[in-house]
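Student: I'd like to ask you about the structure that follows.
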Amino acid sequence: MAGGDLAPGRLGRAARSGSARAGGRTAAPAGSVEGYLAALDARLAAPRRVRAAVLAELEDGLLEAVAVRVAAGLAEPAAGAAALAEFGDPATVAAAFQPGLAARQARATVAGLLRSGPLLGLCWGATLLASGVTPWHRPHAGPLTVALPLVGLLVAVVWLAAVATFAATGRLGLSLARRSSAAGAGSAWQGSAGVRLAGYAAATAGLLCATLDLSALAALAWVAANAPGAVAAVPAAVAASASLVRLPTAAVASRRCLAALAPLG
Amino acid sequence: MLKGHLDALLLAVLEEGPRHGYAVIEALRSASAGRFDLPTGTVYPALHRLERAGLVRGHWSTVGGRRRRTYELTSAGRRALGEERGAWKEFATAVSTLLGPAPWPAAT
C-alpha cells in the first residue's frame, strides 16, 4: 500500500486513539485490548479519522466484553483473552470492515468532486469570459476549439463515474447486496463487486479532475508566458488558486480510493 | 447458518429498542441460545452497512469515559424488517410443506 497516513504497521496510531479519552477505564487488561486494536488499526486502509472512530467503537465493545467476564468471576487476563478470541482475529475483522471503508472513501471522494467541480468550472469559465472568449467570439480559436469539447467530455465521464459510485454503494446497491446474501451468494454478502466498481470509478473521477486542473494551469501558464495581455489577471488568479488547491486534494483522494480497495484482493 | 440473515437479525434486535454494538451481540447470543457463532467483531461492519443503507441510525455518546455508538431502527428499517419477516415466513412454510410432518413414534 502507499505511504502517508494509510501506511500499515504504525502502531502508535491506535495507542493515541485509545489514550485520547479522559480516564474512566474499567479494570481491563488494557495491554492486550490495546494490542489487538493496534493490530487491527494496522490492517485498516482508511484515513486516520475514520480509523479512529472505528477503533473507538470497537474499544468500547471489547472493554465491556472484558468487564462482563470479570464481573462473572474470571481473572483479568483470562477475561481479556476470551473476549478477544470471541471477537475474532484482527485479519478476519479487518476484512469484514474493509469493503465498507472502501465504499465510504469512494462516496466521500465523489461528493467532494461534485462540490468543487462546478465551482472550478465557474472560476475558469469566468476567466475565459473576462478574457474575451465567448461562444460567439474566440480570439484564439485553434486550441480552444479542441480543448473545450474535450473538457466537456471529461466532465461527463466524471459525472458518470459519480453516478456509478453512488449507485453501487447507495441504498439500492446495498439492498441488492442484502438480497443476494440472503439467497446464499457466497462472499457477495458485503457487495464487494459493487464496492470495487465504486472505488475504481471514484479513483478515475479524482484522477480526471486532477488532470483537468493540471491542464487548466498549464494552459494558463502558456498563455501568460506567450500572450500575457490576453488573459484577465484577477479571475485567472482566482481560478488558478482554486485549481492549485483542488489538484492535490483530488489526487490524494483518488489514491485513497485505490488504497482502500487494495486489501479486498 | 446465521451469516446470510445477519442483517435481518440485527434489525430484529434493534426493533426492541436502541442498542450499542456489544448489547446487540449479547441479544443475538441469548436469542439464538448460543448458536450465534460468527466472530463478534464482524457485527460492527454489518451495523455500519445497515446505517449506510438508511435502515438504522447511529449516534455517539460518552459512557464511563468511553465513546459509545448506539444504533436505533429507522422507519425504513422497520419496513425492511417487515419484508424480511414475510419472506422468511414464506420460505419456512414452503420448506415445512416439502419436508412433510415428522412420523409419529409407533405405539408398543
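Residues in the C-alpha cells are named by chain (A, B, ... in the order shown) and by number from 1 within that chain; ligands are numbered from 1 in the order shown.
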What lies within 12 Å of B:Ser32 using only C-alpha atoms, ignoring chain neighbours under 4 positions off, as a compact mmCIF listing (two decimals) with N, CA and C atoms, in the first residue's frame?
Tutor:
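After the write, selection34.txt holds the following:
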```txt
# COMPACT_ATOMS: atom_id res chain seq x y z
N MET B 1 -24.68 -20.61 9.51
CA MET B 1 -26.13 -20.62 9.29
C MET B 1 -26.70 -19.19 9.36
N LEU B 2 -26.21 -18.44 10.31
CA LEU B 2 -26.81 -17.12 10.51
C LEU B 2 -26.27 -16.07 9.56
N LEU B 6 -27.87 -12.25 8.75
CA LEU B 6 -27.41 -11.40 9.83
C LEU B 6 -28.11 -10.06 9.84
N LEU B 9 -31.49 -10.24 11.34
CA LEU B 9 -31.41 -10.48 12.78
C LEU B 9 -31.04 -9.20 13.53
N VAL B 13 -33.23 -7.32 16.42
CA VAL B 13 -32.73 -6.99 17.75
C VAL B 13 -32.98 -5.52 18.06
N ILE B 25 -24.84 -7.71 20.17
CA ILE B 25 -24.21 -9.03 20.14
C ILE B 25 -24.77 -9.91 21.24
N GLU B 26 -24.89 -9.35 22.45
CA GLU B 26 -25.42 -10.13 23.57
C GLU B 26 -26.85 -10.57 23.30
N ALA B 27 -27.67 -9.68 22.73
CA ALA B 27 -29.05 -10.03 22.42
C ALA B 27 -29.10 -11.15 21.39
N LEU B 28 -28.22 -11.08 20.38
CA LEU B 28 -28.16 -12.15 19.37
C LEU B 28 -27.79 -13.47 20.01
N PHE B 36 -25.14 -18.50 17.99
CA PHE B 36 -24.51 -17.43 17.23
C PHE B 36 -23.01 -17.66 17.22
N ASP B 37 -22.46 -18.04 16.08
CA ASP B 37 -21.06 -18.43 16.06
C ASP B 37 -20.19 -17.56 15.15
N LEU B 38 -20.70 -16.40 14.76
CA LEU B 38 -19.85 -15.50 13.98
C LEU B 38 -18.89 -14.79 14.90
```
Student: Residues of chain B that approach chain A to 7 Å or less, counting only C-alpha atoms: could you list each one with the shortest pair of atoms and its distance in Å to one decimal, rows by chain and increasing residue number, as CSV?
Tutor:
```
residue,atom,partner,partner_atom,distance
B:Gly4,CA,A:Ala182,CA,4.7
B:His5,CA,A:Ala182,CA,5.7
B:Gly21,CA,A:Gly61,CA,6.4
B:Tyr22,CA,A:Gly61,CA,5.0
B:Pro39,CA,A:Gly88,CA,4.7
B:Thr40,CA,A:Phe87,CA,4.5
B:Gly41,CA,A:Phe87,CA,4.7
B:Thr42,CA,A:Val93,CA,5.6
B:Pro45,CA,A:Phe97,CA,5.2
B:Arg49,CA,A:Gly100,CA,6.7
B:Ala53,CA,A:Arg171,CA,4.7
B:Gly64,CA,A:Gly24,CA,5.6
B:Gly65,CA,A:Gly24,CA,4.7
B:Arg66,CA,A:Asp60,CA,6.3
B:Arg67,CA,A:Ala56,CA,6.3
B:Arg68,CA,A:Glu57,CA,5.8
B:Arg69,CA,A:Glu57,CA,6.1
```
Student: As an exercise, work out the distance from atom CA of A:Ala260 to atom CA of A:Ala156 in Å and give it to one decimal place.
Tutor: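 Interatomic distance, atom CA of A:Ala260 to atom CA of A:Ala156: 25.0 Å.
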Student: Taking into account only C-alpha atoms, which residue in the set B:Thr97, B:Val24, B:Leu11, B:Trp88 is nearest to B:Ser75?
Tutor: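 Looking at the shortest contact to B:Ser75, the residue is B:Leu11.
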Student: Find the spatial neighbours of stretch 243-249 of chain A, counting only C-alpha atoms, within a cut-off of 8 Å - ignore same-chain residues fewer than 5 positions away - and output them as an mmCIF file with N, CA, C and O atoms, in the first residue's frame.
Tutor:
```
data_model
loop_
_atom_site.group_PDB
_atom_site.id
_atom_site.type_symbol
_atom_site.label_atom_id
_atom_site.label_comp_id
_atom_site.auth_asym_id
_atom_site.auth_seq_id
_atom_site.Cartn_x
_atom_site.Cartn_y
_atom_site.Cartn_z
ATOM 1 N N SER A 116 -16.689 20.601 -5.597
ATOM 2 C CA SER A 116 -15.650 21.502 -6.090
ATOM 3 C C SER A 116 -15.731 21.716 -7.600
ATOM 4 O O SER A 116 -15.361 22.775 -8.106
ATOM 5 N N LEU A 120 -15.117 25.218 -9.685
ATOM 6 C CA LEU A 120 -13.952 25.419 -10.536
ATOM 7 C C LEU A 120 -14.375 25.736 -11.961
ATOM 8 O O LEU A 120 -13.743 26.554 -12.632
ATOM 9 N N CYS A 209 -10.279 14.774 -12.651
ATOM 10 C CA CYS A 209 -10.385 16.146 -12.150
ATOM 11 C C CYS A 209 -9.003 16.749 -11.923
ATOM 12 O O CYS A 209 -8.760 17.915 -12.249
ATOM 13 N N ALA A 210 -8.088 15.959 -11.383
ATOM 14 C CA ALA A 210 -6.724 16.450 -11.196
ATOM 15 C C ALA A 210 -6.100 16.792 -12.543
ATOM 16 O O ALA A 210 -5.387 17.798 -12.685
ATOM 17 N N THR A 211 -6.382 15.959 -13.539
ATOM 18 C CA THR A 211 -5.870 16.212 -14.882
ATOM 19 C C THR A 211 -6.441 17.507 -15.449
ATOM 20 O O THR A 211 -5.712 18.300 -16.068
ATOM 21 N N ASP A 213 -7.487 20.072 -13.741
ATOM 22 C CA ASP A 213 -6.827 21.175 -13.043
ATOM 23 C C ASP A 213 -5.443 21.427 -13.615
ATOM 24 O O ASP A 213 -5.046 22.569 -13.876
ATOM 25 N N LEU A 214 -4.689 20.344 -13.788
ATOM 26 C CA LEU A 214 -3.332 20.470 -14.302
ATOM 27 C C LEU A 214 -3.314 21.100 -15.688
ATOM 28 O O LEU A 214 -2.494 21.984 -15.988
ATOM 29 N N ALA A 216 -5.622 23.012 -17.051
ATOM 30 C CA ALA A 216 -6.008 24.427 -16.994
ATOM 31 C C ALA A 216 -4.830 25.281 -16.543
ATOM 32 O O ALA A 216 -4.567 26.353 -17.096
ATOM 33 N N LEU A 217 -4.129 24.802 -15.529
ATOM 34 C CA LEU A 217 -2.975 25.556 -15.022
ATOM 35 C C LEU A 217 -1.887 25.653 -16.083
ATOM 36 O O LEU A 217 -1.267 26.721 -16.264
#
```
Student: Between B:Val56, B:Val43, B:Ala33, B:Leu99, which one has atoms that come closest to B:Thr74, using only C-alpha atoms?
Tutor: B:Val56
